[in-house]
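One file, entry-v3.tsv, carrying TSV, C-alpha atoms:
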```tsv
chain	number	residue	atom	x	y	z
A	132	MET	CA	31.83	125.14	128.30
A	133	ASN	CA	29.50	123.24	126.08
A	134	ASP	CA	30.94	123.98	122.70
A	135	THR	CA	30.98	121.18	120.18
A	136	LEU	CA	34.56	120.16	120.80
A	137	HIS	CA	34.13	119.94	124.55
A	138	SER	CA	30.96	117.85	124.54
A	139	HIS	CA	32.55	115.61	121.95
A	140	GLU	CA	35.61	115.10	124.13
A	141	ALA	CA	33.49	114.33	127.18
A	142	HIS	CA	31.90	111.55	125.16
A	143	ILE	CA	35.01	110.01	123.78
A	144	GLU	CA	34.72	106.67	125.65
A	145	HIS	CA	31.88	105.17	123.66
A	146	PRO	CA	30.99	101.51	123.94
A	147	GLY	CA	31.04	99.66	120.62
A	148	TYR	CA	28.57	97.42	118.79
A	149	GLY	CA	29.79	94.29	120.61
A	150	THR	CA	28.80	95.47	124.11
A	151	PHE	CA	25.19	96.07	123.09
A	152	ILE	CA	24.90	92.85	121.09
A	153	ARG	CA	26.11	90.88	124.13
A	154	VAL	CA	23.53	92.64	126.35
A	155	TRP	CA	20.83	91.83	123.78
A	156	LEU	CA	21.83	88.14	123.78
A	157	LEU	CA	21.66	88.16	127.59
A	158	LEU	CA	18.19	89.73	127.40
A	159	LEU	CA	17.03	86.98	125.01
A	160	LEU	CA	18.47	84.35	127.36
A	161	LEU	CA	16.68	85.86	130.37
A	162	THR	CA	13.41	85.97	128.39
A	163	ALA	CA	13.82	82.26	127.57
A	164	GLY	CA	14.44	81.62	131.27
A	165	LEU	CA	11.34	83.57	132.24
A	166	VAL	CA	9.15	81.67	129.77
A	167	SER	CA	10.49	78.25	130.84
A	168	LEU	CA	9.99	79.08	134.53
A	169	SER	CA	6.38	80.04	133.84
A	170	HIS	CA	5.84	76.52	132.44
A	171	VAL	CA	7.17	74.78	135.58
A	172	SER	CA	4.70	76.03	138.18
A	173	GLN	CA	2.92	79.11	139.45
A	174	THR	CA	5.46	79.56	142.27
A	175	TYR	CA	8.40	79.47	139.85
A	176	ALA	CA	6.56	81.85	137.52
A	177	VAL	CA	6.13	84.40	140.32
A	178	TRP	CA	9.80	84.05	141.36
A	179	GLY	CA	10.84	84.50	137.74
A	180	LEU	CA	8.65	87.58	137.50
A	181	MET	CA	10.15	89.09	140.67
A	182	THR	CA	13.81	88.41	139.81
A	183	LEU	CA	14.37	88.08	136.04
A	184	THR	CA	12.01	90.92	134.99
A	185	PRO	CA	13.69	93.64	137.09
A	186	LEU	CA	17.05	92.25	135.95
A	187	LYS	CA	16.03	92.62	132.28
A	188	ALA	CA	14.73	96.16	132.90
A	189	GLY	CA	17.97	96.96	134.75
A	190	LEU	CA	20.08	95.81	131.79
A	191	VAL	CA	18.09	98.02	129.40
A	192	PHE	CA	18.40	101.00	131.75
A	193	TYR	CA	22.08	100.45	132.49
A	194	TYR	CA	23.39	99.67	129.00
A	195	PHE	CA	20.86	100.55	126.27
A	196	MET	CA	19.81	103.77	128.03
A	197	HIS	CA	23.47	104.52	128.83
A	198	LEU	CA	22.83	104.97	132.57
A	199	LYS	CA	26.17	103.23	133.17
A	200	TYR	CA	27.95	106.08	131.37
A	201	GLU	CA	26.00	108.94	133.00
A	202	GLY	CA	26.84	110.88	136.15
A	203	PRO	CA	25.33	110.30	139.61
A	204	VAL	CA	22.49	112.82	139.09
A	205	PHE	CA	20.87	110.55	136.46
A	206	LYS	CA	21.11	107.48	138.68
A	207	ILE	CA	19.67	109.42	141.65
A	208	VAL	CA	16.71	110.66	139.57
A	209	VAL	CA	15.85	107.08	138.56
A	210	LEU	CA	16.39	105.62	142.04
A	211	VAL	CA	14.26	108.33	143.70
A	212	THR	CA	11.45	107.55	141.25
A	213	LEU	CA	11.66	103.80	141.86
A	214	GLY	CA	11.84	104.46	145.64
A	215	THR	CA	8.72	106.63	145.43
A	216	LEU	CA	6.83	103.90	143.58
A	217	LEU	CA	7.99	101.37	146.19
A	218	ILE	CA	6.66	103.62	148.99
A	219	PHE	CA	3.28	103.87	147.25
A	220	PHE	CA	3.26	100.08	146.81
A	221	ALA	CA	4.08	99.55	150.50
A	222	LEU	CA	1.46	102.08	151.62
A	223	LEU	CA	-1.25	100.39	149.53
A	224	PHE	CA	-0.47	96.91	150.80
A	225	SER	CA	-0.14	98.05	154.43
A	226	ASP	CA	-3.66	99.44	154.04
A	227	VAL	CA	-4.86	96.16	152.51
A	228	ALA	CA	-3.22	94.09	155.27
A	229	PHE	CA	-4.96	95.94	158.12
A	230	ARG	CA	-8.41	96.15	156.62
B	219	MET	CA	26.03	136.41	116.83
B	220	SER	CA	29.35	134.65	116.66
B	221	GLY	CA	30.00	131.15	115.39
B	222	HIS	CA	29.57	129.83	118.89
B	223	VAL	CA	26.34	127.87	119.30
B	224	HIS	CA	25.20	127.19	122.83
B	225	ARG	CA	24.53	123.54	123.42
B	226	ASP	CA	23.94	121.58	126.59
B	227	ASP	CA	23.71	117.89	125.74
B	228	LEU	CA	23.90	116.85	129.39
B	229	GLY	CA	21.01	119.15	130.33
B	230	SER	CA	19.07	117.90	127.33
B	231	ARG	CA	19.50	114.27	128.36
B	232	LEU	CA	18.64	115.10	131.99
B	233	GLY	CA	15.46	116.83	130.79
B	234	MET	CA	14.56	113.71	128.80
B	235	TRP	CA	15.15	111.51	131.85
B	236	LEU	CA	12.92	113.77	133.98
B	237	PHE	CA	10.18	113.28	131.40
B	238	LEU	CA	10.82	109.53	131.37
B	239	VAL	CA	10.45	109.24	135.15
B	240	THR	CA	6.97	110.80	134.86
B	241	GLU	CA	6.19	108.02	132.37
B	242	MET	CA	7.54	105.49	134.88
B	243	VAL	CA	5.19	106.88	137.54
B	244	LEU	CA	2.26	106.78	135.09
B	245	PHE	CA	2.78	103.09	134.32
B	246	GLY	CA	3.97	102.39	137.88
B	247	GLY	CA	0.58	103.48	139.22
B	248	LEU	CA	-1.11	101.02	136.86
B	249	PHE	CA	1.30	98.24	137.90
B	250	ILE	CA	0.50	98.89	141.58
B	251	GLY	CA	-3.21	98.79	140.74
B	252	TYR	CA	-2.63	95.49	138.90
B	253	SER	CA	-0.79	93.95	141.86
B	254	TYR	CA	-3.62	94.78	144.28
B	255	MET	CA	-6.28	93.45	141.92
B	256	ARG	CA	-4.29	90.28	141.31
B	257	TYR	CA	-3.96	89.82	145.08
B	258	ARG	CA	-7.70	90.27	145.42
B	259	TYR	CA	-8.75	88.06	142.45
B	260	PRO	CA	-6.00	85.41	142.03
B	261	ALA	CA	-8.23	82.75	140.40
B	262	GLU	CA	-9.84	85.19	137.96
B	263	PHE	CA	-6.47	86.62	136.93
B	264	HIS	CA	-5.16	83.11	136.38
B	265	HIS	CA	-8.16	82.30	134.20
B	266	GLY	CA	-7.97	85.62	132.33
B	267	GLY	CA	-4.27	85.06	131.61
B	268	MET	CA	-5.06	81.68	130.04
B	269	GLU	CA	-7.27	83.45	127.49
B	270	LEU	CA	-4.29	85.46	126.22
B	271	ASN	CA	-1.95	84.17	123.52
B	272	ALA	CA	1.39	83.77	125.33
B	273	THR	CA	3.21	82.88	122.08
B	274	LEU	CA	2.28	86.23	120.50
B	275	GLY	CA	3.30	87.98	123.73
B	276	VAL	CA	6.73	86.31	123.67
B	277	ILE	CA	7.25	87.00	119.93
B	278	ASN	CA	6.41	90.67	120.52
B	279	THR	CA	8.94	90.73	123.36
B	280	LEU	CA	11.67	89.46	121.04
B	281	VAL	CA	10.60	92.03	118.42
B	282	LEU	CA	10.79	94.94	120.89
B	283	LEU	CA	14.07	93.79	122.48
B	284	THR	CA	15.65	93.59	119.04
B	285	SER	CA	14.27	97.01	118.05
B	286	SER	CA	15.82	98.42	121.23
B	287	LEU	CA	19.16	96.95	120.18
B	288	THR	CA	18.98	98.45	116.68
B	289	VAL	CA	18.27	101.93	118.10
B	290	VAL	CA	21.32	101.82	120.35
B	291	LEU	CA	23.41	100.46	117.45
B	292	SER	CA	22.27	103.38	115.28
B	293	ILE	CA	23.75	105.74	117.90
B	294	VAL	CA	27.07	103.85	117.77
B	295	ALA	CA	26.98	104.13	113.96
B	296	VAL	CA	26.36	107.92	114.11
B	297	GLN	CA	29.22	108.28	116.62
B	298	ARG	CA	31.47	106.56	114.07
B	299	ALA	CA	30.10	108.65	111.17
B	300	GLU	CA	28.71	105.50	109.50
B	301	LYS	CA	25.65	107.21	108.09
B	302	GLN	CA	24.34	104.40	105.87
B	303	ARG	CA	24.63	101.90	108.69
B	304	ALA	CA	22.87	104.27	111.13
B	305	MET	CA	20.00	104.66	108.66
B	306	ALA	CA	19.78	100.88	108.16
B	307	PHE	CA	19.61	100.32	111.94
B	308	LEU	CA	16.94	103.00	112.37
B	309	GLY	CA	14.97	101.63	109.41
B	310	THR	CA	15.10	98.16	111.00
B	311	THR	CA	13.78	99.64	114.25
B	312	LEU	CA	10.84	101.21	112.42
B	313	VAL	CA	10.03	97.91	110.67
B	314	LEU	CA	10.23	96.01	113.99
B	315	GLY	CA	8.04	98.61	115.74
B	316	LEU	CA	5.42	98.29	112.99
B	317	THR	CA	5.66	94.48	113.26
B	318	PHE	CA	4.90	94.81	116.97
B	319	LEU	CA	1.78	96.86	116.20
B	320	VAL	CA	0.60	94.43	113.49
B	321	ILE	CA	0.95	91.44	115.88
B	322	LYS	CA	-0.79	93.47	118.60
B	323	SER	CA	-3.69	94.30	116.28
B	324	PHE	CA	-4.11	90.61	115.34
B	325	GLU	CA	-4.16	89.77	119.02
B	326	TRP	CA	-6.70	92.45	119.90
B	327	SER	CA	-9.00	91.62	116.98
B	328	ALA	CA	-9.01	87.95	118.07
B	329	LYS	CA	-10.18	89.16	121.50
B	330	PHE	CA	-12.84	91.36	119.89
B	331	HIS	CA	-14.14	88.36	117.89
B	332	HIS	CA	-14.57	86.50	121.17
B	333	GLY	CA	-16.63	89.41	122.46
B	334	LEU	CA	-13.83	90.63	124.68
B	335	TYR	CA	-13.53	94.39	124.42
B	336	PRO	CA	-14.16	97.24	126.86
B	337	ASN	CA	-17.84	97.57	127.81
B	338	SER	CA	-18.89	94.53	125.71
B	339	ALA	CA	-22.03	92.51	126.55
B	340	HIS	CA	-19.97	89.30	126.94
B	341	LEU	CA	-17.51	90.97	129.31
B	342	ALA	CA	-20.41	92.05	131.54
B	343	THR	CA	-21.39	88.37	132.04
B	344	LEU	CA	-17.92	87.44	133.35
B	345	PRO	CA	-17.08	87.45	137.08
B	346	PRO	CA	-15.94	90.87	138.44
B	347	GLY	CA	-12.29	89.74	138.77
B	348	GLU	CA	-12.08	88.82	135.08
B	349	GLN	CA	-13.71	92.11	134.10
B	350	VAL	CA	-10.96	93.85	136.08
B	351	PHE	CA	-8.30	91.67	134.41
B	352	PHE	CA	-9.43	92.54	130.89
B	353	GLY	CA	-9.99	96.17	131.89
B	354	LEU	CA	-6.34	96.38	133.00
B	355	TYR	CA	-5.18	94.35	129.97
B	356	PHE	CA	-6.81	96.73	127.47
B	357	THR	CA	-5.82	99.86	129.42
B	358	MET	CA	-2.17	98.92	129.92
B	359	THR	CA	-1.44	97.31	126.54
B	360	GLY	CA	-3.48	100.09	124.87
B	361	LEU	CA	-1.55	102.86	126.61
B	362	HIS	CA	1.66	101.03	125.78
B	363	GLY	CA	0.53	100.75	122.12
B	364	LEU	CA	0.01	104.52	122.01
B	365	HIS	CA	3.57	104.92	123.28
B	366	VAL	CA	4.82	102.61	120.52
B	367	ILE	CA	3.06	104.79	117.92
B	368	ALA	CA	4.53	107.95	119.49
B	369	GLY	CA	8.01	106.37	119.61
B	370	LEU	CA	7.80	105.28	115.97
B	371	SER	CA	6.81	108.82	114.92
B	372	VAL	CA	9.81	110.25	116.80
B	373	LEU	CA	12.21	107.67	115.35
B	374	GLY	CA	10.81	108.30	111.86
B	375	VAL	CA	11.84	111.96	112.25
B	376	MET	CA	15.25	110.82	113.56
B	377	LEU	CA	15.76	108.70	110.41
B	378	TRP	CA	14.90	111.71	108.27
B	379	TRP	CA	17.33	113.91	110.24
B	380	VAL	CA	20.14	111.36	109.90
B	381	ALA	CA	19.46	111.25	106.15
B	382	THR	CA	19.59	115.06	105.92
B	383	ASP	CA	22.70	115.33	108.17
B	384	ARG	CA	20.84	117.23	110.86
B	385	ILE	CA	21.98	114.35	113.09
B	386	ARG	CA	25.64	113.60	112.58
B	387	GLN	CA	28.83	112.56	114.38
B	388	ASP	CA	29.24	115.82	116.33
B	389	ARG	CA	25.55	116.37	117.02
B	390	TYR	CA	23.24	113.48	117.86
B	391	ILE	CA	21.52	114.42	121.12
B	392	HIS	CA	18.06	114.19	119.48
B	393	LEU	CA	18.75	110.62	118.44
B	394	GLU	CA	19.94	109.77	121.96
B	395	ASN	CA	16.77	111.22	123.49
B	396	GLY	CA	14.50	109.57	120.91
B	397	GLY	CA	16.30	106.29	121.65
B	398	LEU	CA	15.80	106.76	125.40
B	399	TYR	CA	12.05	107.05	124.83
B	400	TRP	CA	12.02	103.87	122.72
B	401	HIS	CA	13.96	101.93	125.37
B	402	LEU	CA	11.47	102.98	128.04
B	403	VAL	CA	8.64	101.65	125.83
B	404	ASP	CA	10.63	98.40	125.67
B	405	VAL	CA	11.09	98.30	129.47
B	406	ILE	CA	7.35	98.73	130.03
B	407	TRP	CA	6.67	95.77	127.73
B	408	ILE	CA	9.27	93.71	129.65
B	409	PHE	CA	6.95	94.06	132.67
B	410	LEU	CA	3.69	93.59	130.73
B	411	LEU	CA	4.77	90.19	129.34
B	412	PRO	CA	4.99	88.25	132.64
B	413	LEU	CA	2.11	90.15	134.28
B	414	PHE	CA	-0.44	89.37	131.59
B	415	TYR	CA	0.79	86.67	129.23
B	416	LEU	CA	2.78	84.45	131.57
B	417	ALA	CA	0.48	85.02	134.56
B	418	ALA	CA	-1.39	81.78	133.92
```

Produce structure tokens that represent the structure in this file.
Amino acid sequence: MNDTLHSHEAHIEHPGYGTFIRVWLLLLLLTAGLVSLSHVSQTYAVWGLMTLTPLKAGLVFYYFMHLKYEGPVFKIVVLVTLGTLLIFFALLFSDVAFR
Amino acid sequence: MSGHVHRDDLGSRLGMWLFLVTEMVLFGGLFIGYSYMRYRYPAEFHHGGMELNATLGVINTLVLLTSSLTVVLSIVAVQRAEKQRAMAFLGTTLVLGLTFLVIKSFEWSAKFHHGLYPNSAHLATLPPGEQVFFGLYFTMTGLHGLHVIAGLSVLGVMLWWVATDRIRQDRYIHLENGGLYWHLVDVIWIFLLPLFYLAA
């Protein structure tokens, strides 16, 4: 199944240079947004951290790391990991809240 | 042995991703630790963040984001059999990665000159919350720095393999996996920037 020809064919729909350059420009823009928000006030900085940072990470995962072009197994592996971390985060803070 | 060579690029990439999620859990644990400590010592973390050079943090972000772009462009170049271009992109990535480390070393040595380093006498005089802040700062940026060094070593080998045609249009899974590692190093820095440098 996995001879050279086959794996090459399965990969035929490659994104070009332009796609990645546009994502990079968007990442620069989001970084500029994050830095400007941090200059406004602490509240804005925290909101920027909670929204723009995951968005930037998501863009790198989805485009640069080709997650967009992978099958569901790859996405599930990543989501399960992030879900596990979220559970640990929630468990820690539920412990903190009821101390 | 026939001419048929068994290859499983999908399995190879999946294996790389499984390794990468262990890295995500490693840094994720530190991020969770950071969030609790920041909740517990908000004033000290604010003060500690002011001591850091946000400009250098932002410049290093731009450097790493751009290096991430050049890695992914090198894969496009290999897919199109543009060998020289692929090597130029990978070379640029190596230069940018080294630039990141040089800026980082300037930043750390400035901290050392101010007596801020793990287990220093000056650090011991600071309030507990600031000791925790700098403890996390050196641990997380240090561990990230080690990952940058590891990533650069891997990408150096990739450049050599592109040059010697071991990586080419019909066979570039190693470059893809090396690139995946580099992007994860970039993602971790995306989180480190606001947590430490923009925290104040």

Given all atoms listed in the file, how would the per-residue table for chain B near chain A read, listing every residue at most 8 Å away with its closest atom pair and distance in Å to one decimal, sorted by chain and number, as a tab-separated table?
```
residue	atom	partner	partner_atom	distance
B:His222	CA	A:Asp134	CA	7.1
B:Val223	CA	A:Asp134	CA	6.9
B:His224	CA	A:Asp134	CA	6.6
B:Arg225	CA	A:Asn133	CA	5.6
B:Asp226	CA	A:Asn133	CA	5.8
B:Asp227	CA	A:Ser138	CA	7.3
B:Leu232	CA	A:Phe205	CA	6.8
B:Trp235	CA	A:Phe205	CA	7.4
B:Leu236	CA	A:Val208	CA	7.4
B:Val239	CA	A:Thr212	CA	6.4
B:Met242	CA	A:Thr212	CA	7.8
B:Val243	CA	A:Leu216	CA	6.9
B:Gly246	CA	A:Leu216	CA	6.6
B:Gly247	CA	A:Leu216	CA	7.6
B:Ile250	CA	A:Phe220	CA	6.0
B:Tyr254	CA	A:Phe224	CA	7.5
B:Leu280	CA	A:Leu159	CA	7.1
B:Leu283	CA	A:Trp155	CA	7.2
B:Thr284	CA	A:Trp155	CA	7.2
B:Ser286	CA	A:Phe195	CA	7.4
B:Leu287	CA	A:Trp155	CA	6.5
B:Val290	CA	A:Phe195	CA	6.1
B:Leu291	CA	A:Tyr148	CA	6.1
B:Val294	CA	A:Gly147	CA	6.4
B:Asp388	CA	A:His139	CA	6.5
B:Arg389	CA	A:Thr135	CA	7.9
B:Gly397	CA	A:Met196	CA	7.7
B:Leu398	CA	A:Met196	CA	5.7
B:His401	CA	A:Met196	CA	6.7
B:Val405	CA	A:Ala188	CA	5.4
B:Ile408	CA	A:Thr184	CA	6.6
B:Phe409	CA	A:Thr184	CA	6.4
B:Pro412	CA	A:Leu180	CA	6.1
B:Leu413	CA	A:Leu180	CA	7.7
B:Leu416	CA	A:Ser169	CA	6.1
B:Ala417	CA	A:Ala176	CA	7.5
B:Ala418	CA	A:Gln173	CA	7.5
```

Selected residues written out with C-alpha atoms, as a short mmCIF file (atom, residue, chain, number, x, y, z; two decimals), in the frame of the given file:
```
data_model
loop_
_atom_site.label_atom_id
_atom_site.label_comp_id
_atom_site.auth_asym_id
_atom_site.auth_seq_id
_atom_site.Cartn_x
_atom_site.Cartn_y
_atom_site.Cartn_z
CA HIS B 222 29.57 129.83 118.89
CA VAL B 223 26.34 127.87 119.30
CA HIS B 224 25.20 127.19 122.83
CA ARG B 225 24.53 123.54 123.42
CA ASP B 226 23.94 121.58 126.59
CA ASP B 227 23.71 117.89 125.74
CA LEU B 232 18.64 115.10 131.99
CA TRP B 235 15.15 111.51 131.85
CA LEU B 236 12.92 113.77 133.98
CA VAL B 239 10.45 109.24 135.15
CA MET B 242 7.54 105.49 134.88
CA VAL B 243 5.19 106.88 137.54
CA GLY B 246 3.97 102.39 137.88
CA GLY B 247 0.58 103.48 139.22
CA ILE B 250 0.50 98.89 141.58
CA TYR B 254 -3.62 94.78 144.28
CA LEU B 280 11.67 89.46 121.04
CA LEU B 283 14.07 93.79 122.48
CA THR B 284 15.65 93.59 119.04
CA SER B 286 15.82 98.42 121.23
CA LEU B 287 19.16 96.95 120.18
CA VAL B 290 21.32 101.82 120.35
CA LEU B 291 23.41 100.46 117.45
CA VAL B 294 27.07 103.85 117.77
CA ASP B 388 29.24 115.82 116.33
CA ARG B 389 25.55 116.37 117.02
CA GLY B 397 16.30 106.29 121.65
CA LEU B 398 15.80 106.76 125.40
CA HIS B 401 13.96 101.93 125.37
CA VAL B 405 11.09 98.30 129.47
CA ILE B 408 9.27 93.71 129.65
CA PHE B 409 6.95 94.06 132.67
CA PRO B 412 4.99 88.25 132.64
CA LEU B 413 2.11 90.15 134.28
CA LEU B 416 2.78 84.45 131.57
CA ALA B 417 0.48 85.02 134.56
CA ALA B 418 -1.39 81.78 133.92
#
```

Quick one, how far is atom CA of B:Met376 from atom CA of B:Leu393?
->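 Separating atom CA of B:Met376 from atom CA of B:Leu393 is a distance of 6.0 Å.
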
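Atom CA of B:Phe249 to atom CA of B:Lys329 spans 22.0 Å [interatomic distance, one decimal].
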
In Å, with one decimal, what is the gap from atom CA of B:Asn395 to atom CA of B:Arg231?
-> 6.4 Å

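Residues lying within 9 Å of B:Phe351, counting only C-alpha atoms and ignoring same-chain neighbours fewer than 5 positions away, are Tyr252, Met255, Arg256, Tyr259, Glu262, Phe263, Gly266, Gly267, Pro346, Phe356 and Phe414 of chain B.
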
Save the residues we just selected, C-alpha atoms, as a short mmCIF file (atom, residue, chain, number, x, y, z; two decimals), in the coordinates of the input?
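Dumped to selection.cif:
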```cif
data_model
loop_
_atom_site.label_atom_id
_atom_site.label_comp_id
_atom_site.auth_asym_id
_atom_site.auth_seq_id
_atom_site.Cartn_x
_atom_site.Cartn_y
_atom_site.Cartn_z
CA TYR B 252 -2.63 95.49 138.90
CA MET B 255 -6.28 93.45 141.92
CA ARG B 256 -4.29 90.28 141.31
CA TYR B 259 -8.75 88.06 142.45
CA GLU B 262 -9.84 85.19 137.96
CA PHE B 263 -6.47 86.62 136.93
CA GLY B 266 -7.97 85.62 132.33
CA GLY B 267 -4.27 85.06 131.61
CA PRO B 346 -15.94 90.87 138.44
CA PHE B 356 -6.81 96.73 127.47
CA PHE B 414 -0.44 89.37 131.59
#
```

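Using all atoms listed in the file, the smallest distance between any of B:Val380, B:Val375, B:Ala299, B:Ala368 and B:Val403 comes from B:Ala368.
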
Extract, using only C-alpha atoms, all DNA, RNA and protein residues at most 10 Å from B:Ala381, discarding same-chain residues fewer than 4 positions from it, and format them as number ranges by chain.
-> B: 301-302, 304-305, 375-377, 385-386

Print the selection's residues with C-alpha atoms to a file, as an mmCIF file, keeping the file's coordinate frame.
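And here is the file that came out, result.cif:
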```cif
data_model
loop_
_atom_site.group_PDB
_atom_site.id
_atom_site.type_symbol
_atom_site.label_atom_id
_atom_site.label_comp_id
_atom_site.auth_asym_id
_atom_site.auth_seq_id
_atom_site.Cartn_x
_atom_site.Cartn_y
_atom_site.Cartn_z
ATOM 1 C CA LYS B 301 25.650 107.210 108.090
ATOM 2 C CA GLN B 302 24.340 104.400 105.870
ATOM 3 C CA ALA B 304 22.870 104.270 111.130
ATOM 4 C CA MET B 305 20.000 104.660 108.660
ATOM 5 C CA VAL B 375 11.840 111.960 112.250
ATOM 6 C CA MET B 376 15.250 110.820 113.560
ATOM 7 C CA LEU B 377 15.760 108.700 110.410
ATOM 8 C CA ILE B 385 21.980 114.350 113.090
ATOM 9 C CA ARG B 386 25.640 113.600 112.580
#
```
